[in-house]
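What follows is one structure encoded as structure tokens, with my remarks underneath.
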Amino acid sequence: AIESGLHVASGMHEFLGDDGEIAARARKRGVVLWDARRPPGDLGVSSGGGCPGCPVIFTAGSDCNTGKMTAGMEIHRELLREGISSGFAASGQTGIMITGAGIPVDRVIADFIGGAAERLVLETAPGRDVVILEGQGSILHPGYAGVTYGMMAGALPRASVLCHQPTRTAIRGYDVPIPPLAALVGLYENALGGMRRIPIVGIALNTFDMEEGAARRAVEASARETGLPATDPVRFGAEPLARAIRGFLGIEPDR
């Protein structure tokens, strides 16, 4: 790719720019190596203030890879369509590649995860009515719960949207069952109980592996079980979630 004169973007933990041969070839050809997962070098711990000037909505997951980035992006786009000034704060390499900005939180030193999440929302907030913060991991995940808790503690979101794949009953790769959604809502809402209760305002389902009828039934069942608005924001649209966020925050659409 470099020899063909193409810029190269990488979302891997290993950085292309640190490879002497690849970096030298890129300099010679005058192309850019974008290591999207390289975090800022000047991060610190969080201040504990979150983002006081702009409400933050966090996309929380029942597991990794349940659609947190996609749901957040669809909610963000729906809010924009409604005339609400929404900002999308990308915390993973794919979101960063889509938006062109963000902090790859899963590559940040553990002590600074909260500071990274706080900086991310503060940098996204100016001029915005709301910030949609892309979540990472899950509080149920043995490998990545620390990332999830760190992000929540640093950003101190006002509310969350719970993202779940209905056909997944356990954490992928681990013998950890995913509890019923109503129980998981309670776990997330009280995850930072000593600092702040963070209510779940809606359920975003990832039904890509389900037939249309089964997907609609899963959405209806999730709404009944939790008493919250539910949808697959890709398949059926994000309007119910955007409406729930607007109602919770008291923001009226311009249209």
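Chain identifiers are assigned as A, B, and so on, following the order in which chains appear in the structure tokens; residues are numbered from 1 within each chain, and ligands are numbered from 1 in order of appearance.
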
Next on the checklist: as JSON, numbers by chain, please: every residue in segment 44-232 of chain A that a backbone DSSP assignment puts in alpha helix (DSSP H).
Outcome noted: {"A": [68, 69, 70, 71, 72, 73, 74, 75, 76, 77, 78, 79, 80, 81, 93, 94, 95, 96, 97, 98, 99, 113, 114, 115, 116, 117, 118, 119, 120, 121, 122, 123, 124, 145, 146, 147, 148, 149, 150, 151, 152, 153, 154, 155, 181, 182, 183, 184, 185, 186, 187, 188, 189, 212, 213, 214, 215, 216, 217, 218, 219, 220, 221, 222, 223, 224, 225, 226]}

What are the nearest atom pairs, with distances in Å to one decimal, for all residues of segment 15-107 of chain A that come at most 12 Å from segment 133-142 of chain A, using only C-alpha atoms, set out by chain and rising residue number as CSV?
```
residue,atom,partner,partner_atom,distance
A:Cys51,CA,A:Leu133,CA,11.3
A:Cys54,CA,A:Leu133,CA,11.8
A:Pro55,CA,A:Leu133,CA,10.2
A:Val56,CA,A:Leu133,CA,6.6
A:Ile57,CA,A:Leu133,CA,5.9
A:Phe58,CA,A:Leu133,CA,4.8
A:Thr59,CA,A:Gly135,CA,4.9
A:Ala60,CA,A:Gly135,CA,5.6
A:Gly61,CA,A:Ser138,CA,5.2
A:Ser62,CA,A:Ser138,CA,5.8
A:Asp63,CA,A:Ser138,CA,5.0
A:Cys64,CA,A:Gly137,CA,4.8
A:Asn65,CA,A:Gly137,CA,7.9
A:Thr66,CA,A:Gly137,CA,9.2
A:Gly67,CA,A:Gly135,CA,9.6
A:Lys68,CA,A:Gly135,CA,6.1
A:Met69,CA,A:Glu134,CA,5.3
A:Thr70,CA,A:Glu134,CA,8.7
A:Ala71,CA,A:Glu134,CA,8.7
A:Gly72,CA,A:Glu134,CA,6.1
A:Met73,CA,A:Glu134,CA,8.2
A:Glu74,CA,A:Glu134,CA,11.3
A:Ile75,CA,A:Leu133,CA,10.7
A:His76,CA,A:Leu133,CA,9.7
A:Ser86,CA,A:Leu133,CA,10.6
A:Gly87,CA,A:Leu133,CA,8.5
A:Phe88,CA,A:Leu133,CA,6.2
A:Ala89,CA,A:Leu133,CA,4.8
A:Ala90,CA,A:Glu134,CA,5.5
A:Ser91,CA,A:Glu134,CA,5.7
A:Gly92,CA,A:Gln136,CA,7.6
A:Gln93,CA,A:Glu134,CA,10.9
A:Thr94,CA,A:Glu134,CA,10.6
A:Gly95,CA,A:Glu134,CA,8.0
A:Ile96,CA,A:Glu134,CA,10.2
A:Thr99,CA,A:Glu134,CA,11.8
A:Gly102,CA,A:Glu134,CA,9.9
A:Ile103,CA,A:Glu134,CA,10.5
A:Pro104,CA,A:Gln136,CA,9.7
A:Val105,CA,A:Gln136,CA,8.0
A:Asp106,CA,A:Gln136,CA,7.7
A:Arg107,CA,A:Gln136,CA,11.4
```

Next on the checklist: Using only C-alpha atoms, which protein or nucleic acid residues come within 9 Å of Arg196 of chain A? Drop anything in the same chain fewer than 2 positions from it, and give the result as a list in words.
Outcome noted: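 Contacts, in chain order: Ala153, Leu156, Pro157, Arg158, Glu189, Asn190, Ala191, Leu192, Gly193, Gly194 and Ile198 of chain A.
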
So which residues touch Ser47 of chain A within 10 Å, counting only C-alpha atoms, skipping near sequence neighbours fewer than 6 positions away, as an mmCIF file with N, CA, C and O atoms, in the first residue's frame?
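Done, and the output landed in around07.cif:
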```
data_model
loop_
_atom_site.group_PDB
_atom_site.id
_atom_site.type_symbol
_atom_site.label_atom_id
_atom_site.label_comp_id
_atom_site.auth_asym_id
_atom_site.auth_seq_id
_atom_site.Cartn_x
_atom_site.Cartn_y
_atom_site.Cartn_z
ATOM 1 N N GLY A 114 -9.872 7.088 33.474
ATOM 2 C CA GLY A 114 -10.858 8.085 33.864
ATOM 3 C C GLY A 114 -10.529 9.459 33.314
ATOM 4 O O GLY A 114 -11.409 10.187 32.843
ATOM 5 N N GLY A 115 -9.252 9.824 33.363
ATOM 6 C CA GLY A 115 -8.840 11.112 32.815
ATOM 7 C C GLY A 115 -9.053 11.194 31.320
ATOM 8 O O GLY A 115 -9.424 12.247 30.793
ATOM 9 N N GLU A 118 -12.783 11.676 30.719
ATOM 10 C CA GLU A 118 -13.159 13.049 31.066
ATOM 11 C C GLU A 118 -12.691 14.028 29.997
ATOM 12 O O GLU A 118 -13.454 14.899 29.563
ATOM 13 N N ARG A 119 -11.455 13.901 29.551
ATOM 14 C CA ARG A 119 -10.963 14.795 28.507
ATOM 15 C C ARG A 119 -11.768 14.629 27.227
ATOM 16 O O ARG A 119 -12.097 15.612 26.557
ATOM 17 N N GLY A 154 -14.770 8.426 35.120
ATOM 18 C CA GLY A 154 -14.168 9.652 34.617
ATOM 19 C C GLY A 154 -15.170 10.579 33.953
ATOM 20 O O GLY A 154 -15.138 11.791 34.167
ATOM 21 N N ALA A 155 -16.076 10.015 33.159
ATOM 22 C CA ALA A 155 -17.041 10.839 32.426
ATOM 23 C C ALA A 155 -18.254 11.198 33.268
ATOM 24 O O ALA A 155 -18.926 12.191 32.994
#
```

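If only C-alpha atoms are the atoms counted, then among A:Ala145, A:Val131, A:Ala204, A:Ala214 the closest residue to Val161 of chain A is A:Ala204.
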
Within 12 Å of segment 238-243 of chain A, which residues of segment 148-220 of chain A come that close, and what is the closest atom pair and distance in Å for each? Count only C-alpha atoms and give it as a Markdown table.
```
| residue | atom | partner | partner_atom | distance |
| --- | --- | --- | --- | --- |
| A:Ala159 | CA | A:Leu241 | CA | 11.8 |
| A:Ser160 | CA | A:Leu241 | CA | 10.5 |
| A:Val161 | CA | A:Leu241 | CA | 7.9 |
| A:Leu162 | CA | A:Leu241 | CA | 10.4 |
| A:Cys163 | CA | A:Leu241 | CA | 11.3 |
| A:Ile200 | CA | A:Leu241 | CA | 10.8 |
| A:Val201 | CA | A:Leu241 | CA | 7.7 |
| A:Gly202 | CA | A:Leu241 | CA | 5.8 |
| A:Ile203 | CA | A:Leu241 | CA | 7.5 |
| A:Ala204 | CA | A:Leu241 | CA | 7.7 |
| A:Leu205 | CA | A:Ala238 | CA | 10.5 |
| A:Val219 | CA | A:Pro240 | CA | 11.4 |
```

Could you save the residues just selected, with N, CA and C atoms, as an mmCIF file, in the first residue's frame?
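Contents of result28.cif, freshly written:
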```
data_model
loop_
_atom_site.group_PDB
_atom_site.id
_atom_site.type_symbol
_atom_site.label_atom_id
_atom_site.label_comp_id
_atom_site.auth_asym_id
_atom_site.auth_seq_id
_atom_site.Cartn_x
_atom_site.Cartn_y
_atom_site.Cartn_z
ATOM 1 N N ALA A 159 -26.750 9.564 32.084
ATOM 2 C CA ALA A 159 -27.579 8.386 31.850
ATOM 3 C C ALA A 159 -26.863 7.481 30.855
ATOM 4 N N SER A 160 -27.391 6.262 30.700
ATOM 5 C CA SER A 160 -26.804 5.301 29.768
ATOM 6 C C SER A 160 -27.898 4.663 28.923
ATOM 7 N N VAL A 161 -27.475 4.152 27.768
ATOM 8 C CA VAL A 161 -28.295 3.272 26.938
ATOM 9 C C VAL A 161 -27.640 1.901 26.981
ATOM 10 N N LEU A 162 -28.398 0.873 27.318
ATOM 11 C CA LEU A 162 -27.860 -0.478 27.444
ATOM 12 C C LEU A 162 -27.926 -1.191 26.101
ATOM 13 N N CYS A 163 -26.783 -1.690 25.645
ATOM 14 C CA CYS A 163 -26.668 -2.342 24.339
ATOM 15 C C CYS A 163 -26.491 -3.843 24.540
ATOM 16 N N ILE A 200 -30.427 3.951 33.375
ATOM 17 C CA ILE A 200 -30.555 3.464 31.999
ATOM 18 C C ILE A 200 -31.864 4.026 31.446
ATOM 19 N N VAL A 201 -31.788 4.674 30.272
ATOM 20 C CA VAL A 201 -32.991 5.302 29.713
ATOM 21 C C VAL A 201 -33.534 4.562 28.492
ATOM 22 N N GLY A 202 -32.821 3.553 27.995
ATOM 23 C CA GLY A 202 -33.302 2.830 26.829
ATOM 24 C C GLY A 202 -32.446 1.603 26.557
ATOM 25 N N ILE A 203 -32.981 0.700 25.748
ATOM 26 C CA ILE A 203 -32.311 -0.549 25.386
ATOM 27 C C ILE A 203 -32.073 -0.565 23.881
ATOM 28 N N ALA A 204 -30.809 -0.732 23.476
ATOM 29 C CA ALA A 204 -30.448 -0.852 22.055
ATOM 30 C C ALA A 204 -30.056 -2.301 21.794
ATOM 31 N N LEU A 205 -30.848 -2.980 20.989
ATOM 32 C CA LEU A 205 -30.581 -4.381 20.681
ATOM 33 C C LEU A 205 -29.819 -4.507 19.365
ATOM 34 N N VAL A 219 -37.365 -7.038 20.622
ATOM 35 C CA VAL A 219 -37.500 -5.636 21.011
ATOM 36 C C VAL A 219 -38.679 -5.466 21.961
#
```

Checklist entry - Counting only C-alpha atoms, what is within 10 Å of Phe112 of chain A, bar same-chain residues fewer than 5 positions away, as a ChimeraX atom specification? => result /A:42-46,105,117-118,150-151,154

Next on the checklist: I need the strand (DSSP E) residues of segment 18-255 of chain A per DSSP on the backbone, written as JSON, numbers by chain.
Outcome noted: {"A": [33, 34, 35, 56, 57, 58, 59, 60, 61, 86, 87, 88, 89, 130, 131, 132, 133, 159, 160, 161, 162, 163, 164, 200, 201, 202, 203, 204, 205, 230, 231]}
